[in-house]
Amino acid sequence: METFLHIDIGELIARFGYVGVFALIFFECAGVPLPGEMALVSAAIFAGTTSHMHIEFVILAAASAAILGDNLGYWFGRRYGFEFLRRYGPYVHLTPPRLRLGQMLFQRHGGKVVFLGRFTALLRTYAAMLAGANRFPRRRFVAWNAGGGITWALVYGLGGFYFGQSITLFAGPVSICLTVAVIVGAAIIVMLYRKHERRWLAEAHQELSVE
C-alpha cells in the first residue's frame, strides 16, 4: 500500500482498523495535512477484499470523522483565526474593510466552498478554518459540512469497495482537476476584485461590520 510522509496507510489500517480511519480523517479535517482520503479508499478496498472490515462501518467512521474534524477546525478558525487576521492582516494589506469583504463573500458563497472543498486536498484541510475565521454562520456551516462529509464518504467509500484499486486512478485526477479549478477560480476572483474593489467594499460595509 502507498506510503504518505512515511506513513504506511495499509499497515496502519490493518493494525488499527476503523480507529485508524477515523483518526487520519479527523485530524486532516481539523487542519493537519494527513492522507485522509487515501485512508478512506484503502479501508474501503480492505472491506471489499477481506472479511476484517465492513464497508458500512468504514463509511460511518469516515463521515463522522470528517464532520467532527471540520467542526473542530471551524471552532479554531472562529476562535483564533479572525483575531489573528484583524491583528496582523494590515501588514499584508488585509485592512478592516477588506476583512469585511472576505466575510461578505464567504457568507454568500461559503456553502459551496465547504461542500466542494471536501473533494480537494487543500480545501479539505483548511476550508473549515477559513469558514470559522470569516464568520460563516454556524448553522449553515453545519448543514453544508454534514452534506459534504456524508457525500464524500459515500462516493469514495463505495468506489473503493466496488472498484478496488481502480478508484485511486479516478480519485487522483478528480482531486487535481478540482484543485486546478479552485486555483483558476481564485485568479479570476483576484482580477474581478481589482476591477470592482470599491463597489464591493461599499457593499460589504453595508452588510457587515468587523467585530
# chains A, B, ... in the order shown; residues from 1 in each chain; ligands from 1
$ residues_around --residues "segment 120-133 of chain A" --least-positions-apart "6" --cutoff "6 Å" --atoms "only C-alpha atoms" --output "list in words"
Glu28, Cys29, Gly31, Asp70, Gly73, Tyr74, Gly77, Arg78, Gly81, Phe82, Val114, Ser175 and Thr179 of chain A
$ write_last_selection --atoms "N, CA and C atoms" --output "JSON list (two decimals), in the first residue's frame"
[["chain", "number", "residue", "atom", "x", "y", "z"],
["A", 28, "GLU", "N", -7.04, 15.39, 9.66],
["A", 28, "GLU", "CA", -6.89, 16.10, 8.38],
["A", 28, "GLU", "C", -7.92, 17.22, 8.28],
["A", 29, "CYS", "N", -9.15, 16.92, 8.63],
["A", 29, "CYS", "CA", -10.22, 17.91, 8.53],
["A", 29, "CYS", "C", -10.09, 19.01, 9.59],
["A", 31, "GLY", "N", -7.29, 20.37, 10.30],
["A", 31, "GLY", "CA", -6.25, 21.29, 9.87],
["A", 31, "GLY", "C", -4.86, 20.70, 9.76],
["A", 70, "ASP", "N", -14.07, 18.75, 10.90],
["A", 70, "ASP", "CA", -14.36, 20.06, 10.34],
["A", 70, "ASP", "C", -14.96, 21.00, 11.39],
["A", 73, "GLY", "N", -12.10, 22.31, 13.32],
["A", 73, "GLY", "CA", -11.41, 23.31, 12.52],
["A", 73, "GLY", "C", -12.19, 24.61, 12.45],
["A", 74, "TYR", "N", -13.51, 24.51, 12.32],
["A", 74, "TYR", "CA", -14.36, 25.71, 12.28],
["A", 74, "TYR", "C", -14.26, 26.47, 13.59],
["A", 77, "GLY", "N", -10.89, 28.22, 13.81],
["A", 77, "GLY", "CA", -10.84, 29.38, 12.95],
["A", 77, "GLY", "C", -11.67, 30.53, 13.49],
["A", 78, "ARG", "N", -12.84, 30.21, 14.04],
["A", 78, "ARG", "CA", -13.71, 31.26, 14.57],
["A", 78, "ARG", "C", -13.14, 31.85, 15.86],
["A", 81, "GLY", "N", -8.79, 32.53, 14.36],
["A", 81, "GLY", "CA", -8.43, 32.98, 13.02],
["A", 81, "GLY", "C", -8.75, 34.43, 12.74],
["A", 82, "PHE", "N", -9.96, 34.87, 13.13],
["A", 82, "PHE", "CA", -10.36, 36.24, 12.81],
["A", 82, "PHE", "C", -9.52, 37.25, 13.57],
["A", 114, "VAL", "N", -17.42, 25.01, 1.36],
["A", 114, "VAL", "CA", -17.39, 23.96, 2.37],
["A", 114, "VAL", "C", -17.73, 22.60, 1.76],
["A", 175, "SER", "N", -9.32, 14.99, -7.95],
["A", 175, "SER", "CA", -8.81, 15.92, -6.95],
["A", 175, "SER", "C", -7.93, 16.98, -7.60],
["A", 179, "THR", "N", -8.67, 20.95, -7.77],
["A", 179, "THR", "CA", -7.69, 21.88, -7.23],
["A", 179, "THR", "C", -7.32, 22.94, -8.27]]
$ select_by_dssp --residues "segment 107-165 of chain A" --states "alpha helix (DSSP H)" --output "PyMOL selection string"
chain A and resi 107-117+121-133+138-163
$ atom_distance --atom1 "atom CA of Phe136 of chain A" --atom2 "atom CA of Leu116 of chain A"
15.5 Å
$ atom_distance --atom1 "atom CA of Thr50 of chain A" --atom2 "atom CA of Pro33 of chain A"
28.6 Å
$ closest_residue --among "A:Leu60, A:Ala44, A:Val142, A:Ala39" --to "Trp75 of chain A" --atoms "only C-alpha atoms"
A:Val142
$ atom_distance --atom1 "atom CA of Lys112 of chain A" --atom2 "atom CA of Trp144 of chain A"
7.8 Å
$ closest_residue --among "A:Asn134, A:Thr151, A:Asn71, A:Asn145" --to "Glu83 of chain A" --atoms "only C-alpha atoms"
A:Asn134
$ residues_around --residues "Gly149 of chain A" --least-positions-apart "4" --cutoff "7 Å" --atoms "only C-alpha atoms" --output "short mmCIF file (atom, residue, chain, number, x, y, z; two decimals) with N, CA and C atoms, in the first residue's frame"
data_model
loop_
_atom_site.label_atom_id
_atom_site.label_comp_id
_atom_site.auth_asym_id
_atom_site.auth_seq_id
_atom_site.Cartn_x
_atom_site.Cartn_y
_atom_site.Cartn_z
N ALA A 63 -17.35 9.42 7.55
CA ALA A 63 -18.28 10.55 7.57
C ALA A 63 -18.28 11.26 8.92
N ALA A 66 -15.02 13.17 9.37
CA ALA A 66 -14.99 14.37 8.53
C ALA A 66 -15.83 15.49 9.14
N ILE A 67 -17.02 15.14 9.60
CA ILE A 67 -17.92 16.14 10.17
C ILE A 67 -17.37 16.70 11.48
N ARG A 118 -14.54 19.55 0.25
CA ARG A 118 -14.38 18.19 0.75
C ARG A 118 -13.67 17.30 -0.26
N ASN A 145 -21.46 21.25 5.78
CA ASN A 145 -20.38 20.35 6.18
C ASN A 145 -20.88 18.91 6.29
N ALA A 153 -17.80 10.58 1.87
CA ALA A 153 -17.57 9.23 2.42
C ALA A 153 -18.27 8.17 1.59
#
$ residues_around --residues "Gly48 of chain A" --least-positions-apart "6" --cutoff "9 Å" --atoms "only C-alpha atoms" --output "NGL selection string"
:A and (54-55 or 160-164)
$ write_last_selection --atoms "C-alpha atoms" --output "PDB file, in the first residue's frame"
ATOM      1  CA  HIS A  54     -17.241  -3.856   6.791  1.00  0.00           C
ATOM      2  CA  ILE A  55     -17.941  -1.070   4.333  1.00  0.00           C
ATOM      3  CA  GLY A 160     -13.143   1.773  -3.185  1.00  0.00           C
ATOM      4  CA  PHE A 161     -15.399  -1.101  -2.138  1.00  0.00           C
ATOM      5  CA  TYR A 162     -16.776  -1.894  -5.597  1.00  0.00           C
ATOM      6  CA  PHE A 163     -13.907  -0.878  -7.855  1.00  0.00           C
ATOM      7  CA  GLY A 164     -10.911  -1.648  -5.669  1.00  0.00           C
TER       8      GLY A 164
END
